[in-house]
file data_21.cif (mmCIF, C-alpha atoms)
data_upload
loop_
_atom_site.label_atom_id
_atom_site.label_comp_id
_atom_site.auth_asym_id
_atom_site.auth_seq_id
_atom_site.Cartn_x
_atom_site.Cartn_y
_atom_site.Cartn_z
CA MET O 1 40.07 -204.11 33.76
CA ASP O 2 38.03 -200.93 34.09
CA ASP O 3 39.67 -198.62 31.55
CA TYR O 4 38.18 -199.50 28.17
CA ARG O 5 40.86 -197.41 26.45
CA VAL O 6 43.58 -199.85 27.54
CA VAL O 7 41.72 -202.71 25.87
CA ALA O 8 41.07 -200.57 22.79
CA ASP O 9 44.82 -199.77 22.63
CA GLU O 10 45.63 -203.49 22.72
CA LEU O 11 43.28 -204.22 19.83
CA ALA O 12 44.61 -201.22 17.92
CA ALA O 13 48.13 -202.64 18.30
CA GLU O 14 46.95 -206.01 16.93
CA ILE O 15 45.43 -204.23 13.92
CA GLU O 16 48.60 -202.20 13.37
CA ALA O 17 50.74 -205.36 13.56
CA GLY O 18 48.54 -207.17 11.05
CA ARG O 19 47.35 -209.83 13.49
CA LEU O 20 43.86 -208.48 12.90
CA ARG O 21 43.46 -207.88 9.18
CA PRO O 22 41.11 -205.61 7.23
CA GLY O 23 37.74 -207.31 6.97
CA ASP O 24 38.24 -209.58 10.00
CA ARG O 25 35.15 -209.87 12.16
CA LEU O 26 35.58 -209.08 15.84
CA PRO O 27 33.91 -211.42 18.36
CA PRO O 28 30.38 -210.60 19.50
CA GLN O 29 30.56 -208.16 22.40
CA ARG O 30 29.22 -210.66 24.95
CA ARG O 31 31.85 -213.26 24.03
CA PHE O 32 34.56 -210.62 23.88
CA ALA O 33 33.65 -209.47 27.40
CA ARG O 34 33.72 -213.06 28.70
CA ASP O 35 37.08 -213.85 27.04
CA ARG O 36 38.66 -210.66 28.38
CA GLY O 37 37.10 -210.85 31.82
CA ILE O 38 35.49 -207.42 31.50
CA ALA O 39 31.95 -206.09 31.88
CA GLY O 40 29.63 -206.08 28.90
CA SER O 41 29.33 -202.30 29.11
CA THR O 42 33.14 -202.02 28.95
CA ALA O 43 33.22 -204.23 25.86
CA ALA O 44 30.65 -201.97 24.21
CA ARG O 45 32.81 -198.93 24.97
CA VAL O 46 35.89 -200.70 23.53
CA TYR O 47 34.09 -201.32 20.25
CA SER O 48 32.75 -197.76 20.17
CA GLU O 49 36.27 -196.43 20.75
CA LEU O 50 37.66 -198.52 17.87
CA THR O 51 34.89 -197.18 15.64
CA ARG O 52 35.63 -193.62 16.76
CA ARG O 53 39.31 -194.09 15.88
CA GLY O 54 38.38 -195.35 12.42
CA LEU O 55 39.79 -198.84 13.07
CA ALA O 56 36.50 -200.75 13.03
CA ILE O 57 33.06 -200.45 11.54
CA GLY O 58 29.74 -201.93 12.67
CA GLU O 59 27.21 -203.32 10.21
CA VAL O 60 23.60 -203.86 11.23
CA GLY O 61 22.85 -207.54 11.82
CA ARG O 62 26.37 -208.62 10.85
CA GLY O 63 28.71 -207.50 13.60
CA THR O 64 31.83 -205.35 13.94
CA PHE O 65 34.71 -205.61 11.48
CA VAL O 66 38.23 -204.27 11.10
CA ARG O 67 38.07 -201.48 8.54
CA ALA O 68 39.40 -202.17 5.08
CA ALA O 69 41.06 -198.77 5.08
CA ARG O 70 41.50 -195.76 7.35
CA PRO O 71 38.73 -193.19 6.80
CA ALA O 72 39.59 -190.08 4.82
CA PRO O 73 40.41 -187.02 6.94
CA GLU O 74 37.59 -185.09 5.26
CA PRO O 75 33.99 -186.32 4.93
CA ALA O 76 33.26 -188.63 2.01
CA LEU O 77 32.20 -186.77 -1.14
CA ALA O 78 33.82 -183.55 0.06
CA GLU O 79 36.50 -183.23 -2.60
CA PRO O 80 37.16 -184.77 -6.03
CA GLY O 81 39.00 -188.06 -5.84
CA ASP O 82 41.94 -189.19 -7.94
CA ALA O 83 40.52 -192.57 -8.97
CA ARG O 84 40.56 -193.35 -12.68
CA VAL O 85 36.78 -193.89 -12.68
CA ASP O 86 34.89 -191.67 -10.24
CA LEU O 87 31.60 -193.24 -9.17
CA GLU O 88 31.73 -191.35 -5.87
CA LEU O 89 31.09 -187.70 -6.73
CA ASN O 90 27.71 -187.02 -8.26
CA PHE O 91 27.71 -184.30 -10.89
CA ALA O 92 27.32 -184.23 -14.66
CA VAL O 93 29.09 -181.82 -17.00
CA LEU O 94 27.81 -182.61 -20.50
CA PRO O 95 30.11 -182.01 -23.49
CA SER O 96 27.50 -179.79 -25.15
CA GLN O 97 26.73 -177.48 -22.24
CA SER O 98 29.86 -175.33 -22.00
CA ALA O 99 29.49 -173.71 -25.41
CA LYS O 100 25.84 -172.83 -24.74
CA LEU O 101 26.54 -171.43 -21.29
CA ALA O 102 29.57 -169.44 -22.48
CA TYR O 103 27.66 -167.93 -25.40
CA ALA O 104 24.89 -166.76 -23.05
CA LEU O 105 27.48 -164.96 -20.91
CA GLU O 106 29.14 -163.03 -23.74
CA PRO O 107 27.05 -159.86 -23.17
CA LEU O 108 27.95 -159.98 -19.47
CA LEU O 109 31.65 -159.67 -20.34
CA ARG O 110 31.26 -156.30 -22.05
CA ALA O 111 33.14 -153.78 -19.93
CA ASP O 112 30.14 -151.62 -19.05
CA VAL O 113 27.93 -154.61 -18.11
CA PHE O 114 30.74 -156.42 -16.33
CA THR O 115 31.36 -153.40 -14.11
CA ASP O 116 27.87 -153.72 -12.62
CA ALA O 117 28.53 -157.40 -11.90
CA LEU O 118 31.52 -156.45 -9.72
CA TYR O 119 29.48 -154.53 -7.16
CA PRO O 120 28.46 -156.27 -3.92
CA VAL O 121 24.90 -157.41 -3.30
CA GLY O 122 23.06 -158.68 -0.23
CA ALA O 123 21.38 -161.95 0.67
CA ALA O 124 18.24 -161.00 -1.23
CA GLY O 125 20.23 -160.65 -4.44
CA THR O 126 18.68 -158.65 -7.25
CA LYS O 127 15.04 -158.46 -8.30
CA ALA O 128 16.00 -159.98 -11.66
CA VAL O 129 17.68 -163.07 -10.18
CA ARG O 130 14.82 -163.63 -7.72
CA GLU O 131 12.23 -163.53 -10.48
CA ALA O 132 14.32 -165.76 -12.74
CA ALA O 133 14.96 -168.26 -9.92
CA ALA O 134 11.26 -168.39 -8.99
CA GLY O 135 10.49 -169.50 -12.53
CA LEU O 136 13.35 -172.01 -12.50
CA LEU O 137 12.21 -173.63 -9.25
CA ALA O 138 8.50 -173.82 -10.16
CA ARG O 139 7.29 -177.40 -10.59
CA GLY O 140 4.24 -179.58 -10.15
CA GLY O 141 1.89 -176.59 -9.97
CA TRP O 142 4.01 -174.85 -7.31
CA THR O 143 5.67 -171.47 -7.94
CA PRO O 144 7.59 -169.73 -5.15
CA ASP O 145 7.13 -166.07 -4.29
CA PRO O 146 10.16 -164.12 -5.61
CA GLY O 147 9.85 -161.77 -2.65
CA THR O 148 10.80 -164.55 -0.22
CA LEU O 149 13.84 -165.81 -2.16
CA LEU O 150 17.39 -165.50 -0.82
CA ILE O 151 20.55 -166.20 -2.80
CA THR O 152 23.59 -168.03 -1.43
CA GLY O 153 26.91 -169.11 -2.89
CA ASN O 154 25.68 -172.69 -3.32
CA GLY O 155 23.19 -175.18 -1.94
CA ARG O 156 25.46 -176.30 0.89
CA GLN O 157 25.68 -172.72 2.11
CA GLY O 158 21.91 -172.46 1.95
CA ILE O 159 21.54 -175.56 4.12
CA ALA O 160 24.13 -174.25 6.57
CA ALA O 161 22.32 -170.93 6.83
CA ALA O 162 18.99 -172.64 7.50
CA VAL O 163 20.46 -174.99 10.12
CA SER O 164 22.21 -172.12 11.90
CA ALA O 165 19.00 -170.05 11.84
CA PHE O 166 16.82 -172.71 13.46
CA VAL O 167 19.09 -174.97 15.53
CA PRO O 168 21.21 -173.34 18.25
CA MET O 169 24.50 -174.90 19.27
CA GLY O 170 23.93 -177.98 21.40
CA GLU O 171 20.37 -178.53 20.12
CA ARG O 172 19.00 -181.34 17.93
CA LEU O 173 18.31 -181.54 14.18
CA ALA O 174 16.25 -184.45 12.83
CA VAL O 175 17.53 -186.05 9.61
CA GLU O 176 16.98 -189.30 7.74
CA ALA O 177 19.05 -192.13 9.26
CA LEU O 178 21.07 -192.21 6.03
CA THR O 179 21.69 -188.64 4.93
CA TYR O 180 23.84 -186.30 2.85
CA PRO O 181 27.39 -186.60 4.30
CA VAL O 182 28.05 -182.86 4.13
CA VAL O 183 25.19 -182.32 6.59
CA LYS O 184 26.98 -184.62 9.03
CA ALA O 185 30.15 -182.51 8.80
CA MET O 186 28.15 -179.30 8.90
CA ALA O 187 26.39 -180.33 12.11
CA LEU O 188 29.71 -181.15 13.73
CA ARG O 189 31.11 -177.70 12.95
CA LEU O 190 27.94 -175.92 14.06
CA GLY O 191 27.75 -177.91 17.30
CA VAL O 192 24.40 -179.46 16.35
CA GLU O 193 23.35 -182.98 17.32
CA LEU O 194 21.85 -185.04 14.50
CA VAL O 195 18.89 -187.26 15.36
CA PRO O 196 18.45 -190.12 12.86
CA ILE O 197 14.86 -190.81 11.76
CA ALA O 198 13.88 -194.15 10.28
CA THR O 199 12.96 -194.44 6.62
CA ASP O 200 11.17 -197.05 4.54
CA ALA O 201 10.57 -197.52 0.82
CA ASP O 202 8.52 -194.29 0.73
CA GLY O 203 11.09 -192.15 2.56
CA LEU O 204 11.15 -190.65 6.04
CA VAL O 205 8.57 -192.18 8.44
CA PRO O 206 6.50 -189.38 10.06
CA ALA O 207 5.59 -191.52 13.08
CA ALA O 208 9.30 -192.06 13.79
CA LEU O 209 9.85 -188.31 13.64
CA ALA O 210 7.02 -187.73 16.12
CA ALA O 211 8.42 -190.40 18.46
CA ALA O 212 11.91 -188.90 18.37
CA HIS O 213 10.55 -185.44 19.08
CA ALA O 214 8.47 -186.75 21.98
CA ALA O 215 11.53 -188.46 23.49
CA ALA O 216 13.62 -185.27 23.34
CA PRO O 217 12.54 -182.21 21.30
CA VAL O 218 14.22 -181.48 17.99
CA ARG O 219 14.42 -177.93 16.69
CA ALA O 220 14.05 -178.61 12.94
CA LEU O 221 13.94 -181.32 10.28
CA TYR O 222 16.32 -181.67 7.32
CA VAL O 223 14.80 -183.93 4.66
CA GLN O 224 15.27 -184.96 1.01
CA PRO O 225 11.81 -185.92 -0.32
CA THR O 226 12.82 -186.05 -4.00
CA LEU O 227 15.50 -188.48 -5.27
CA HIS O 228 16.88 -189.04 -1.80
CA ASN O 229 20.66 -189.21 -1.48
CA PRO O 230 21.83 -191.97 -1.10
CA LEU O 231 18.78 -194.27 -1.24
CA GLY O 232 17.10 -192.73 -4.29
CA PRO O 233 13.34 -192.88 -3.68
CA THR O 234 10.96 -189.99 -4.23
CA MET O 235 8.39 -189.60 -1.46
CA PRO O 236 4.89 -190.36 -2.81
CA ALA O 237 2.02 -187.90 -2.39
CA ALA O 238 0.38 -189.72 0.53
CA ARG O 239 3.60 -189.78 2.54
CA ARG O 240 4.25 -186.10 1.80
CA ALA O 241 0.79 -185.21 3.06
CA GLU O 242 1.36 -187.27 6.21
CA LEU O 243 4.72 -185.60 6.81
CA ALA O 244 3.20 -182.15 6.24
CA ASP O 245 0.52 -182.86 8.87
CA THR O 246 3.18 -184.12 11.30
CA VAL O 247 5.47 -181.10 11.10
CA ARG O 248 2.48 -178.78 11.49
CA ARG O 249 1.36 -180.65 14.59
CA LEU O 250 4.90 -180.66 16.03
CA ASP O 251 5.44 -177.01 15.05
CA LEU O 252 8.76 -177.87 13.37
CA PRO O 253 10.65 -175.87 10.72
CA VAL O 254 11.56 -178.01 7.72
CA ILE O 255 14.71 -177.64 5.61
CA GLU O 256 13.87 -179.33 2.30
CA ASP O 257 16.85 -180.22 0.11
CA GLY O 258 15.67 -179.95 -3.49
CA ILE O 259 19.03 -180.24 -5.23
CA TYR O 260 17.91 -183.14 -7.48
CA THR O 261 14.35 -181.97 -8.14
CA PHE O 262 15.23 -180.74 -11.64
CA LEU O 263 15.50 -184.40 -12.64
CA ARG O 264 11.88 -184.88 -11.51
CA PRO O 265 10.21 -181.70 -12.85
CA ASP O 266 6.68 -183.09 -12.44
CA THR O 267 6.98 -183.49 -8.65
CA ALA O 268 5.89 -180.62 -6.41
CA PRO O 269 8.10 -180.12 -3.35
CA LEU O 270 7.03 -180.56 0.25
CA ALA O 271 7.08 -176.75 0.39
CA ALA O 272 3.93 -176.75 -1.76
CA LEU O 273 2.04 -178.61 1.00
CA VAL O 274 3.40 -176.80 4.03
CA PRO O 275 4.79 -173.47 2.74
CA GLU O 276 4.50 -171.75 6.12
CA ARG O 277 7.01 -174.15 7.73
CA THR O 278 9.35 -175.17 4.89
CA VAL O 279 12.60 -173.62 3.68
CA PHE O 280 13.23 -175.02 0.21
CA VAL O 281 16.92 -175.20 -0.80
CA ASP O 282 18.18 -175.64 -4.35
CA SER O 283 21.16 -174.56 -6.44
CA LEU O 284 22.83 -174.65 -9.84
CA SER O 285 25.57 -177.10 -8.85
CA LYS O 286 23.83 -180.19 -10.33
CA ARG O 287 22.02 -178.32 -13.09
CA VAL O 288 25.22 -176.62 -14.30
CA ALA O 289 28.41 -177.67 -12.48
CA PRO O 290 29.98 -177.20 -9.05
CA GLY O 291 32.52 -174.74 -10.42
CA LEU O 292 30.11 -171.86 -11.04
CA THR O 293 26.94 -171.95 -9.01
CA ALA O 294 24.43 -170.09 -6.89
CA GLY O 295 22.11 -171.37 -4.19
CA PHE O 296 18.44 -170.52 -3.69
CA LEU O 297 16.42 -170.40 -0.47
CA VAL O 298 12.65 -170.17 -0.72
CA THR O 299 11.64 -168.96 2.72
CA PRO O 300 8.34 -168.64 4.59
CA ALA O 301 7.62 -164.91 4.77
CA GLN O 302 7.78 -164.80 8.57
CA TRP O 303 11.32 -166.25 8.50
CA THR O 304 12.83 -164.36 5.55
CA SER O 305 14.58 -161.73 7.70
CA ARG O 306 15.84 -164.38 10.12
CA LEU O 307 17.32 -166.46 7.33
CA ALA O 308 18.78 -163.42 5.58
CA ALA O 309 20.59 -162.55 8.83
CA ALA O 310 21.98 -166.11 8.96
CA VAL O 311 23.21 -165.85 5.36
CA ARG O 312 24.94 -162.54 6.07
CA SER O 313 26.51 -163.59 9.37
CA GLY O 314 27.82 -166.83 7.89
CA GLY O 315 29.32 -165.11 4.85
CA TRP O 316 27.17 -167.31 2.63
CA SER O 317 25.94 -164.70 0.14
CA ALA O 318 26.49 -165.31 -3.56
CA SER O 319 28.73 -163.13 -5.70
CA ARG O 320 26.91 -160.72 -7.94
CA PHE O 321 28.68 -162.20 -10.97
CA ALA O 322 27.20 -165.61 -10.20
CA MET O 323 23.76 -164.02 -9.83
CA GLU O 324 24.08 -162.22 -13.16
CA ALA O 325 25.24 -165.42 -14.84
CA ALA O 326 22.33 -167.37 -13.37
CA THR O 327 19.84 -164.71 -14.46
CA ARG O 328 21.07 -164.79 -18.05
CA TRP O 329 21.16 -168.59 -18.23
CA ILE O 330 17.61 -168.86 -16.89
CA ALA O 331 16.05 -165.97 -18.79
CA GLY O 332 17.70 -166.98 -22.07
CA GLY O 333 16.40 -170.55 -21.88
CA VAL O 334 19.89 -172.04 -21.88
CA LEU O 335 19.50 -173.61 -18.46
CA ALA O 336 16.24 -175.29 -19.49
CA GLU O 337 18.07 -176.83 -22.46
CA VAL O 338 20.83 -178.12 -20.20
CA GLU O 339 18.28 -179.59 -17.77
CA ASP O 340 16.50 -181.39 -20.62
CA ALA O 341 19.81 -182.78 -21.83
CA LYS O 342 20.72 -184.02 -18.35
CA ARG O 343 17.37 -185.74 -17.89
CA ALA O 344 17.92 -187.55 -21.18
CA ASP O 345 21.48 -188.37 -20.16
CA ALA O 346 20.32 -189.81 -16.82
CA ALA O 347 17.80 -192.02 -18.63
CA LYS O 348 20.52 -193.41 -20.93
CA ARG O 349 22.77 -194.15 -17.99
CA ALA O 350 19.90 -195.87 -16.18
CA LYS O 351 19.73 -198.37 -19.04
CA ILE O 352 23.47 -199.03 -18.72
CA VAL O 353 23.05 -199.73 -15.00
CA ASP O 354 20.10 -202.08 -15.64
CA GLU O 355 22.04 -204.00 -18.28
CA ARG O 356 25.38 -204.27 -16.48
CA LEU O 357 24.08 -205.01 -12.97
CA ALA O 358 21.12 -207.24 -13.82
CA GLY O 359 20.62 -209.83 -11.12
CA PHE O 360 21.96 -207.67 -8.29
CA ARG O 361 19.86 -205.72 -5.79
CA VAL O 362 20.39 -202.19 -7.10
CA LEU O 363 17.83 -199.67 -5.89
CA GLY O 364 17.01 -196.14 -6.99
CA ASP O 365 15.00 -194.05 -9.40
CA PRO O 366 15.92 -194.26 -13.11
CA ALA O 367 15.61 -190.46 -13.19
CA ALA O 368 18.48 -190.12 -10.70
CA TYR O 369 22.22 -189.98 -11.22
CA HIS O 370 22.96 -192.29 -8.26
CA ARG O 371 22.06 -195.83 -7.15
CA TRP O 372 22.08 -197.79 -3.91
CA TRP O 373 23.59 -201.28 -4.18
CA GLU O 374 22.77 -203.82 -1.46
CA LEU O 375 25.79 -206.11 -1.74
CA PRO O 376 25.80 -209.90 -1.93
CA GLU O 377 26.10 -211.70 1.41
CA GLN O 378 29.77 -212.62 1.00
CA TRP O 379 30.83 -208.97 0.75
CA ARG O 380 31.08 -206.20 3.33
CA ALA O 381 30.78 -202.62 2.11
CA GLU O 382 34.22 -201.44 3.27
CA THR O 383 35.94 -204.47 1.74
CA PHE O 384 34.08 -204.04 -1.54
CA VAL O 385 34.98 -200.34 -1.74
CA ALA O 386 38.64 -201.18 -1.10
CA ALA O 387 38.60 -203.92 -3.75
CA ALA O 388 37.00 -201.53 -6.26
CA ALA O 389 39.63 -198.89 -5.45
CA ARG O 390 42.40 -201.35 -6.27
CA ARG O 391 40.83 -201.55 -9.73
CA GLY O 392 40.70 -197.77 -10.08
CA ILE O 393 37.01 -197.30 -9.28
CA ALA O 394 35.83 -194.99 -6.48
CA LEU O 395 32.61 -195.82 -4.62
CA SER O 396 30.95 -194.57 -1.41
CA PRO O 397 30.33 -197.04 1.43
CA ALA O 398 27.06 -196.89 3.34
CA ALA O 399 28.95 -195.73 6.44
CA ALA O 400 29.60 -192.37 4.73
CA PHE O 401 25.86 -191.65 4.94
CA ALA O 402 24.98 -193.23 8.30
CA VAL O 403 24.26 -190.75 11.09
CA LEU O 404 25.10 -193.25 13.82
CA PRO O 405 28.45 -195.10 13.70
CA GLY O 406 27.92 -198.84 13.52
CA HIS O 407 24.47 -198.52 11.97
CA ALA O 408 25.42 -198.72 8.30
CA PRO O 409 23.73 -201.34 6.12
CA ASN O 410 25.83 -203.58 3.89
CA ALA O 411 25.60 -201.40 0.80
CA VAL O 412 27.39 -198.85 -1.36
CA ARG O 413 26.24 -195.82 -3.28
CA PHE O 414 27.57 -195.27 -6.77
CA ALA O 415 27.09 -192.20 -8.94
CA VAL O 416 26.77 -192.63 -12.70
CA SER O 417 27.06 -189.03 -13.89
CA ALA O 418 30.79 -188.30 -14.19
CA PRO O 419 32.40 -190.92 -16.50
CA PRO O 420 31.74 -191.16 -20.25
CA GLU O 421 29.09 -193.78 -21.01
CA GLU O 422 31.55 -196.37 -22.31
CA THR O 423 33.75 -195.89 -19.25
CA LEU O 424 30.73 -196.26 -16.97
CA ALA O 425 29.70 -199.48 -18.69
CA ALA O 426 33.20 -200.93 -18.40
CA ALA O 427 33.46 -199.96 -14.72
CA LEU O 428 30.10 -201.56 -13.92
CA ASP O 429 31.22 -204.74 -15.68
CA VAL O 430 34.27 -204.82 -13.42
CA LEU O 431 32.12 -204.27 -10.34
CA ALA O 432 29.64 -206.96 -11.40
CA GLY O 433 32.46 -209.46 -11.77
CA LEU O 434 33.87 -208.43 -8.42
CA ALA O 435 30.50 -208.75 -6.65
CA ALA O 436 29.87 -212.18 -8.17
CA GLY O 437 33.13 -213.51 -6.72
CA ALA O 438 34.51 -213.93 -3.24
CA PRO O 439 36.42 -211.23 -1.33
CA GLU O 440 39.58 -213.35 -1.27
CA ASP O 441 39.46 -213.57 -5.07
CA SER O 442 39.68 -209.76 -5.22
CA LEU O 443 43.18 -209.86 -3.77
CA VAL O 444 44.46 -211.57 -6.92
CA GLU O 445 45.50 -208.93 -9.43
#
call {"tool": "encode", "arguments": {"input": "data_21.cif", "output": "structure tokens"}}
result
Amino acid sequence: MDDYRVVADELAAEIEAGRLRPGDRLPPQRRFARDRGIAGSTAARVYSELTRRGLAIGEVGRGTFVRAARPAPEPALAEPGDARVDLELNFAVLPSQSAKLAYALEPLLRADVFTDALYPVGAAGTKAVREAAAGLLARGGWTPDPGTLLITGNGRQGIAAAVSAFVPMGERLAVEALTYPVVKAMALRLGVELVPIATDADGLVPAALAAAHAAAPVRALYVQPTLHNPLGPTMPAARRAELADTVRRLDLPVIEDGIYTFLRPDTAPLAALVPERTVFVDSLSKRVAPGLTAGFLVTPAQWTSRLAAAVRSGGWSASRFAMEAATRWIAGGVLAEVEDAKRADAAKRAKIVDERLAGFRVLGDPAAYHRWWELPEQWRAETFVAAAARRGIALSPAAAFAVLPGHAPNAVRFAVSAPPEETLAAALDVLAGLAAGAPEDSLVE
């Protein structure tokens, strides 16, 4: 049988009829090919087709399994979920912050001041917001030049502008093998091919980047050196220096995602080591909240005009009101207070995680608002996520972050920022009990 789609249709029918159930392991491809009397290459295409349709998922070193649930039509983490306990979306809105932020905006709402905030403004924003943002982003002895700053609607728009500026349609963008899911969706819409680069405990491996570029050139690198999402590590100084040397030698632009750097204020960004090649992207979405934000691009001087053109053509400029709000929050010291409060909040939640999930392999930085959980052997990530959902808890499977289908480790990411502390503790107790048991036990309500 030459048409792999016919075989894939047959398996899809078995899944639909319930003869193959969620979590069932499919035979190894070699045995499947022998049993069906087809070529090994055809069997591989059958399994790839099932993965493409969202009916199966591959796990490294474990095999291919029937999915526990159909994938969401939008990328994971794209929109708020309706679960009772949301450990999927990663943002913190502290009870104390709204009053402080609102008070700082009161002068902006005077009619004469508000009128100015209604006028349009370009990608460079205003001099005041650039100077305020330069102070906000400064860390670890590094302070960006306000003259090279661009302002976008949010961090995602800043990333999109940088990708579109450096990577033409059909070309290749290097990223960590497990990366921010929105970048996966963004690349698809921009017609950009993502090239996964191996990571280790210290972050992206520079030698792997060089090897990938030698095999087929990439046009740029997107990387998260600080509090990587989803894995959590912060790249140590020696690895940053090695990566800086590598991108210089390869002559690659770097798009550095610094969205979580405010939780690690002592760590200088990669942009401090290789400023002539690095576009540093940050925003207010984690510092404040996703509902009212602005994004910041620190650009190498020779690329500022190029990136500004990308921001304008993509419609990614920030509103002037958001710029004025950001300026007042930064200049008035309110944003610094909120950042301090969130760092303290993250530390308290780290203790809850350590207490509730002691004995499990949970990785990540205690400064971060997310953790990476390598599941016990008896569980598969998709099955565990489905079992948690039945108990009203939303998690993110490793597959949401994997660049290549079928290359997801057996792990989940959970965010600790959204629920109240007591709710978080109770949810983690439920998950610990679930992980300690067997998957079949989870079907008993």
call {"tool": "closest_residue", "arguments": {"input": "data_21.cif", "among": "O:Leu87, O:Ala326, O:Leu227, O:Met169", "to": "Ala415 of chain O", "atoms": "only C-alpha atoms"}}
result
O:Leu87
call {"tool": "atom_distance", "arguments": {"input": "data_21.cif", "atom1": "atom CA of Val167 of chain O", "atom2": "atom CA of Val247 of chain O"}}
result
15.6 Å
call {"tool": "atom_distance", "arguments": {"input": "data_21.cif", "atom1": "atom CA of Asp200 of chain O", "atom2": "atom CA of Arg62 of chain O"}}
result
20.1 Å
call {"tool": "resolve_selection", "arguments": {"input": "data_21.cif", "expression": "the PyMOL selection byres ((chain O and resi 413) around 8)", "output": "PyMOL selection string"}}
result
chain O and resi 88+230-231+370-373+395-398+411-412+414-415
call {"tool": "write_last_selection", "arguments": {"input": "data_21.cif", "atoms": "C-alpha atoms", "output": "mmCIF file, keeping the file's coordinate frame"}}
result
data_model
loop_
_atom_site.group_PDB
_atom_site.id
_atom_site.type_symbol
_atom_site.label_atom_id
_atom_site.label_comp_id
_atom_site.auth_asym_id
_atom_site.auth_seq_id
_atom_site.Cartn_x
_atom_site.Cartn_y
_atom_site.Cartn_z
ATOM 1 C CA GLU O 88 31.730 -191.350 -5.870
ATOM 2 C CA PRO O 230 21.830 -191.970 -1.100
ATOM 3 C CA LEU O 231 18.780 -194.270 -1.240
ATOM 4 C CA HIS O 370 22.960 -192.290 -8.260
ATOM 5 C CA ARG O 371 22.060 -195.830 -7.150
ATOM 6 C CA TRP O 372 22.080 -197.790 -3.910
ATOM 7 C CA TRP O 373 23.590 -201.280 -4.180
ATOM 8 C CA LEU O 395 32.610 -195.820 -4.620
ATOM 9 C CA SER O 396 30.950 -194.570 -1.410
ATOM 10 C CA PRO O 397 30.330 -197.040 1.430
ATOM 11 C CA ALA O 398 27.060 -196.890 3.340
ATOM 12 C CA ALA O 411 25.600 -201.400 0.800
ATOM 13 C CA VAL O 412 27.390 -198.850 -1.360
ATOM 14 C CA PHE O 414 27.570 -195.270 -6.770
ATOM 15 C CA ALA O 415 27.090 -192.200 -8.940
#
call {"tool": "residues_around", "arguments": {"input": "data_21.cif", "residues": "Ile197 of chain O", "least_positions_apart": "3", "cutoff": "9 Å", "atoms": "all atoms listed in the file", "output": "number ranges by chain"}}
result
O: 174-178, 204-206, 208-209, 212
